[in-house]
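Novice: One file: work30.txt (compact mmCIF, C-alpha atoms).
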# COMPACT_ATOMS: atom_id res chain seq x y z
CA ASN A 21 0.00 0.00 0.00
CA ALA A 22 1.22 3.49 -0.83
CA GLY A 23 -0.91 4.98 1.97
CA VAL A 24 -1.69 8.66 1.46
CA THR A 25 0.06 10.35 -1.44
CA GLN A 26 0.18 14.04 -2.29
CA THR A 27 1.35 15.94 -5.35
CA PRO A 28 3.14 18.18 -5.92
CA LYS A 29 5.74 18.29 -3.12
CA PHE A 30 6.60 21.91 -3.76
CA GLN A 31 4.84 24.68 -5.64
CA VAL A 32 5.44 28.38 -6.19
CA LEU A 33 2.49 30.48 -7.30
CA LYS A 34 1.94 34.12 -8.08
CA THR A 35 -0.88 35.99 -6.39
CA GLY A 36 -4.13 35.36 -8.22
CA GLN A 37 -3.13 32.08 -9.81
CA SER A 38 -5.18 28.96 -9.22
CA MET A 39 -4.02 25.42 -8.67
CA THR A 40 -5.10 22.02 -7.40
CA LEU A 41 -3.30 20.01 -4.75
CA GLN A 42 -3.81 16.33 -5.29
CA CYS A 43 -4.41 13.74 -2.56
CA ALA A 44 -5.05 10.04 -2.97
CA GLN A 45 -5.27 7.08 -0.60
CA ASP A 46 -5.42 3.37 -1.28
CA MET A 47 -6.72 2.18 2.10
CA ASN A 48 -10.41 2.47 1.22
CA HIS A 49 -10.86 5.07 3.94
CA GLU A 50 -14.16 6.91 4.08
CA TYR A 51 -12.86 9.97 5.90
CA MET A 52 -10.42 12.37 4.24
CA SER A 53 -9.34 15.82 5.25
CA TRP A 54 -7.05 18.71 4.40
CA TYR A 55 -5.00 20.65 6.94
CA ARG A 56 -2.63 23.54 6.68
CA GLN A 57 0.38 23.79 8.96
CA ASP A 58 1.71 27.17 9.98
CA PRO A 59 4.47 27.85 12.54
CA GLY A 60 3.16 28.03 16.09
CA MET A 61 -0.40 27.29 15.02
CA GLY A 62 -0.27 23.53 14.63
CA LEU A 63 -2.48 22.07 11.96
CA ARG A 64 -5.81 23.64 11.11
CA LEU A 65 -8.59 21.83 9.32
CA ILE A 66 -9.56 23.31 5.95
CA HIS A 67 -12.14 20.88 4.56
CA TYR A 68 -13.10 17.29 5.16
CA SER A 69 -15.17 14.53 3.60
CA VAL A 70 -16.91 11.53 5.13
CA GLY A 71 -17.40 9.77 1.80
CA ALA A 72 -17.73 10.20 -1.94
CA GLY A 73 -20.02 13.11 -2.76
CA ILE A 74 -19.98 14.50 0.79
CA THR A 75 -17.76 17.40 1.87
CA ASP A 76 -17.88 19.97 4.63
CA GLN A 77 -15.96 22.98 5.87
CA GLY A 78 -13.41 22.93 8.61
CA GLU A 79 -11.89 25.73 10.64
CA VAL A 80 -10.27 27.74 7.81
CA PRO A 81 -12.15 27.04 4.54
CA ASN A 82 -12.04 30.46 2.89
CA GLY A 83 -10.20 30.51 -0.42
CA TYR A 84 -10.30 26.75 -0.85
CA ASN A 85 -12.65 24.33 -2.60
CA VAL A 86 -12.83 20.56 -2.45
CA SER A 87 -14.73 17.77 -4.12
CA ARG A 88 -14.89 14.02 -3.54
CA SER A 89 -16.00 12.17 -6.63
CA THR A 90 -14.31 8.89 -5.63
CA THR A 91 -13.34 7.24 -2.34
CA GLU A 92 -9.67 7.43 -3.28
CA ASP A 93 -9.21 11.07 -4.29
CA PHE A 94 -9.72 14.34 -2.46
CA PRO A 95 -8.26 17.32 -4.36
CA LEU A 96 -7.93 20.77 -2.82
CA ARG A 97 -8.35 23.77 -5.11
CA LEU A 98 -6.99 27.21 -4.50
CA LEU A 99 -9.22 29.52 -6.47
CA SER A 100 -7.11 32.70 -6.45
CA ALA A 101 -3.90 32.27 -4.49
CA ALA A 102 -2.94 34.85 -1.87
CA PRO A 103 0.31 35.24 0.09
CA SER A 104 -1.64 34.28 3.25
CA GLN A 105 -2.04 30.81 1.75
CA THR A 106 1.71 30.21 1.89
CA SER A 107 1.84 27.12 4.07
CA VAL A 108 2.44 23.39 4.20
CA TYR A 109 -0.65 21.40 3.29
CA PHE A 110 -1.33 17.92 4.60
CA CYS A 111 -3.97 15.49 3.50
CA ALA A 112 -5.11 12.78 5.91
CA SER A 113 -7.43 9.81 5.82
CA SER A 114 -9.01 7.39 8.25
CA THR A 115 -11.89 5.01 8.60
CA ASP A 116 -15.08 6.70 9.66
CA ARG A 117 -15.85 4.62 12.72
CA GLY A 118 -15.64 7.52 15.10
CA PRO A 119 -13.38 10.15 16.67
CA GLY A 120 -10.97 7.61 18.12
CA GLU A 121 -9.67 6.54 14.74
CA THR A 122 -6.04 7.08 13.82
CA GLN A 123 -5.53 9.45 10.93
CA TYR A 124 -2.87 8.72 8.32
CA PHE A 125 -1.11 11.70 6.86
CA GLY A 126 0.45 12.30 3.49
CA PRO A 127 3.96 13.75 3.05
CA GLY A 128 2.70 17.30 2.55
CA THR A 129 2.80 19.96 -0.15
CA ARG A 130 4.87 23.06 0.53
CA LEU A 131 3.27 26.07 -1.16
CA LEU A 132 4.77 29.52 -1.59
CA VAL A 133 2.58 32.32 -2.92
CA LEU A 134 4.45 35.40 -4.08
CA ALA B 22 -15.27 26.05 21.20
CA GLN B 23 -12.93 23.11 21.18
CA SER B 24 -9.29 23.94 21.71
CA VAL B 25 -5.96 22.32 22.47
CA SER B 26 -2.99 24.15 23.90
CA GLN B 27 0.61 23.08 24.25
CA HIS B 28 2.67 24.85 26.86
CA ASN B 29 6.07 24.97 25.23
CA HIS B 30 6.93 25.96 21.69
CA HIS B 31 10.55 24.84 21.89
CA VAL B 32 12.38 22.43 24.16
CA ILE B 33 16.10 21.74 24.06
CA LEU B 34 17.62 18.95 26.09
CA SER B 35 20.54 16.55 26.13
CA GLU B 36 20.47 12.85 25.43
CA ALA B 37 19.34 10.72 28.39
CA ALA B 38 17.38 13.61 29.89
CA SER B 39 13.72 13.13 30.72
CA LEU B 40 11.07 14.78 28.59
CA GLU B 41 7.63 16.00 29.50
CA LEU B 42 5.46 17.98 27.11
CA GLY B 43 2.31 19.62 28.39
CA CYS B 44 -1.05 19.51 26.66
CA ASN B 45 -4.37 20.89 27.84
CA TYR B 46 -7.68 20.65 26.07
CA SER B 47 -11.04 22.28 26.23
CA TYR B 48 -13.83 20.04 25.02
CA GLY B 49 -17.45 19.44 25.85
CA GLY B 50 -18.37 15.81 26.31
CA THR B 51 -16.32 12.74 25.59
CA VAL B 52 -12.91 13.42 24.13
CA ASN B 53 -10.31 11.30 22.40
CA LEU B 54 -6.71 12.46 22.71
CA PHE B 55 -3.69 11.91 20.50
CA TRP B 56 -0.03 12.71 20.26
CA TYR B 57 1.39 12.89 16.75
CA VAL B 58 5.05 13.32 15.90
CA GLN B 59 6.69 14.83 12.85
CA TYR B 60 10.35 13.90 12.38
CA PRO B 61 12.44 16.26 10.24
CA GLY B 62 11.41 15.94 6.60
CA GLN B 63 8.72 13.39 7.33
CA HIS B 64 4.98 13.46 7.62
CA LEU B 65 2.98 13.20 10.82
CA GLN B 66 2.59 9.83 12.41
CA LEU B 67 0.72 8.64 15.45
CA LEU B 68 2.71 8.30 18.66
CA LEU B 69 -0.13 7.23 20.94
CA LYS B 70 -3.78 7.81 21.63
CA TYR B 71 -6.32 7.63 24.42
CA PHE B 72 -10.03 7.08 24.10
CA SER B 73 -11.05 5.04 27.13
CA GLY B 74 -9.78 2.78 29.89
CA ASP B 75 -6.41 3.06 31.59
CA PRO B 76 -5.48 6.75 31.70
CA LEU B 77 -1.79 5.90 31.32
CA VAL B 78 -1.21 5.18 27.66
CA LYS B 79 1.96 3.69 26.22
CA GLY B 80 2.99 4.43 22.68
CA ILE B 81 5.80 3.70 20.31
CA LYS B 82 9.50 4.41 20.97
CA GLY B 83 9.15 4.46 24.75
CA PHE B 84 6.70 7.35 24.96
CA GLU B 85 3.76 7.44 27.32
CA ALA B 86 1.03 9.93 28.17
CA GLU B 87 -1.29 10.34 31.11
CA PHE B 88 -4.87 11.48 30.78
CA ILE B 89 -5.93 13.49 33.84
CA LYS B 90 -9.59 14.35 33.40
CA SER B 91 -9.75 16.71 36.38
CA LYS B 92 -6.95 18.81 34.93
CA PHE B 93 -8.03 18.51 31.28
CA SER B 94 -4.49 17.42 30.53
CA PHE B 95 -2.75 14.79 28.42
CA ASN B 96 0.97 15.24 28.99
CA LEU B 97 3.54 13.29 27.02
CA ARG B 98 6.56 11.78 28.74
CA LYS B 99 9.70 9.86 27.96
CA PRO B 100 12.16 8.93 30.73
CA SER B 101 15.32 9.10 28.63
CA VAL B 102 15.44 10.79 25.23
CA GLN B 103 17.68 10.00 22.31
CA TRP B 104 19.02 12.21 19.55
CA SER B 105 16.53 10.50 17.21
CA ASP B 106 13.65 11.98 19.25
CA THR B 107 14.36 15.36 17.70
CA ALA B 108 11.03 16.23 16.12
CA GLU B 109 7.93 18.35 16.42
CA TYR B 110 5.23 16.94 18.66
CA PHE B 111 1.55 17.73 18.31
CA CYS B 112 -1.21 17.10 20.79
CA ALA B 113 -4.67 16.70 19.24
CA ALA B 114 -8.21 16.03 20.34
CA ALA B 115 -11.34 14.69 18.70
CA GLY B 116 -14.81 14.33 20.06
CA GLY B 117 -18.47 14.32 19.25
CA ALA B 118 -19.51 13.45 15.74
CA GLY B 119 -16.96 12.78 13.07
CA ASN B 120 -13.21 12.44 13.03
CA LYS B 121 -12.24 16.09 13.03
CA LEU B 122 -9.00 16.67 14.89
CA THR B 123 -8.17 19.86 16.72
CA PHE B 124 -4.42 20.31 17.05
CA GLY B 125 -2.31 22.20 19.51
CA GLY B 126 0.38 24.55 18.23
CA GLY B 127 3.13 21.97 18.40
CA THR B 128 6.35 21.71 20.39
CA ARG B 129 9.70 21.51 18.66
CA VAL B 130 12.05 19.26 20.57
CA LEU B 131 15.78 19.33 19.92
CA VAL B 132 17.88 16.63 21.56
CA LYS B 133 21.57 17.44 21.63
CA PRO B 134 23.91 14.45 21.31
How does this structure look as structure tokens?
Specialist:
Amino acid sequence: NAGVTQTPKFQVLKTGQSMTLQCAQDMNHEYMSWYRQDPGMGLRLIHYSVGAGITDQGEVPNGYNVSRSTTEDFPLRLLSAAPSQTSVYFCASSTDRGPGETQYFGPGTRLLVL
Amino acid sequence: AQSVSQHNHHVILSEAASLELGCNYSYGGTVNLFWYVQYPGQHLQLLLKYFSGDPLVKGIKGFEAEFIKSKFSFNLRKPSVQWSDTAEYFCAAAGGAGNKLTFGGGTRVLVKP
């Protein structure tokens, strides 16, 4: 199993550009989520999904869109990049049996918005 | 609102020293608590978790954590650290419906050889 994979590893954008961060998992997990990691602030939840066709907002959703057309994939779209979106982005997945489940994280995407 | 706070942003210690990282949470109802670790250049991985039963939880690599409900705390401990324990440590909590995790701000630990 590859686990949770993310592409790209690094990306530089100019303000106003759009892009999609890819996330895929091969563990047949129902629950997938996106976090951003900023120094001193830990990880903050952007969006999450409890299954194909179902998504919801997390703590910091503004400026980001998600969709979940398959169980495996959960892409994150930046509509119009801003310097405040410079961060490291992590995708995670788990089974959806409840809040005690371990989440498995991808390797992260480091994004710089100029 | 649910929140998790970690007391120290940076900790520096020598090999063989004891480590204790503080974590406090604010949650209504039943809570599940986690410690995740991020080694340099790697992604987050689970160190240990608590959701019921014995409040003293043992995890991988000699780490343990104690859930003290009356203090809303879930401190992480290791009796004797190694250089390879250099990492950033995150306390997290989940509760209620769904798997949403709320993370603390993280503690960077540097172990000097």
Novice: Env of Thr91 (chain A): 12 Å cut, atoms = all atoms listed in the file, seq-sep filter 6 positions within chain, self excluded. Answer as an MDAnalysis selection string.
Specialist: chainID A and resid 43:52 69:75 113:115
Novice: What's the 8 Å shell around Thr128 (chain B), counting only C-alpha atoms, without same-chain residues fewer than 2 positions away, as a PyMOL selection string?
Specialist: chain B and resi 27+29-32+42+109-111+126+130
Novice: Residues of chain B within 7 Å of chain A, using all atoms listed in the file, as an mmCIF file with C-alpha atoms, in the coordinates of the input?
Specialist:
data_model
loop_
_atom_site.group_PDB
_atom_site.id
_atom_site.type_symbol
_atom_site.label_atom_id
_atom_site.label_comp_id
_atom_site.auth_asym_id
_atom_site.auth_seq_id
_atom_site.Cartn_x
_atom_site.Cartn_y
_atom_site.Cartn_z
ATOM 1 C CA ASN B 53 -10.310 11.300 22.400
ATOM 2 C CA GLN B 63 8.720 13.390 7.330
ATOM 3 C CA HIS B 64 4.980 13.460 7.620
ATOM 4 C CA LEU B 65 2.980 13.200 10.820
ATOM 5 C CA GLN B 66 2.590 9.830 12.410
ATOM 6 C CA PHE B 72 -10.030 7.080 24.100
ATOM 7 C CA ALA B 115 -11.340 14.690 18.700
ATOM 8 C CA GLY B 116 -14.810 14.330 20.060
ATOM 9 C CA GLY B 119 -16.960 12.780 13.070
ATOM 10 C CA ASN B 120 -13.210 12.440 13.030
ATOM 11 C CA PHE B 124 -4.420 20.310 17.050
ATOM 12 C CA GLY B 125 -2.310 22.200 19.510
ATOM 13 C CA GLY B 126 0.380 24.550 18.230
ATOM 14 C CA GLY B 127 3.130 21.970 18.400
#
Novice: By how many Å are CA of Thr129 (chain A) and CA of Ile33 (chain B) apart?
Specialist: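 So the two atoms, CA of Thr129 (chain A) and CA of Ile33 (chain B), lie 27.7 Å apart.
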Novice: Have a look at CA of Cys112 (chain B) and CA of Cys44 (chain B) and let me know their distance in Å, one decimal.
Specialist: 6.3 Å
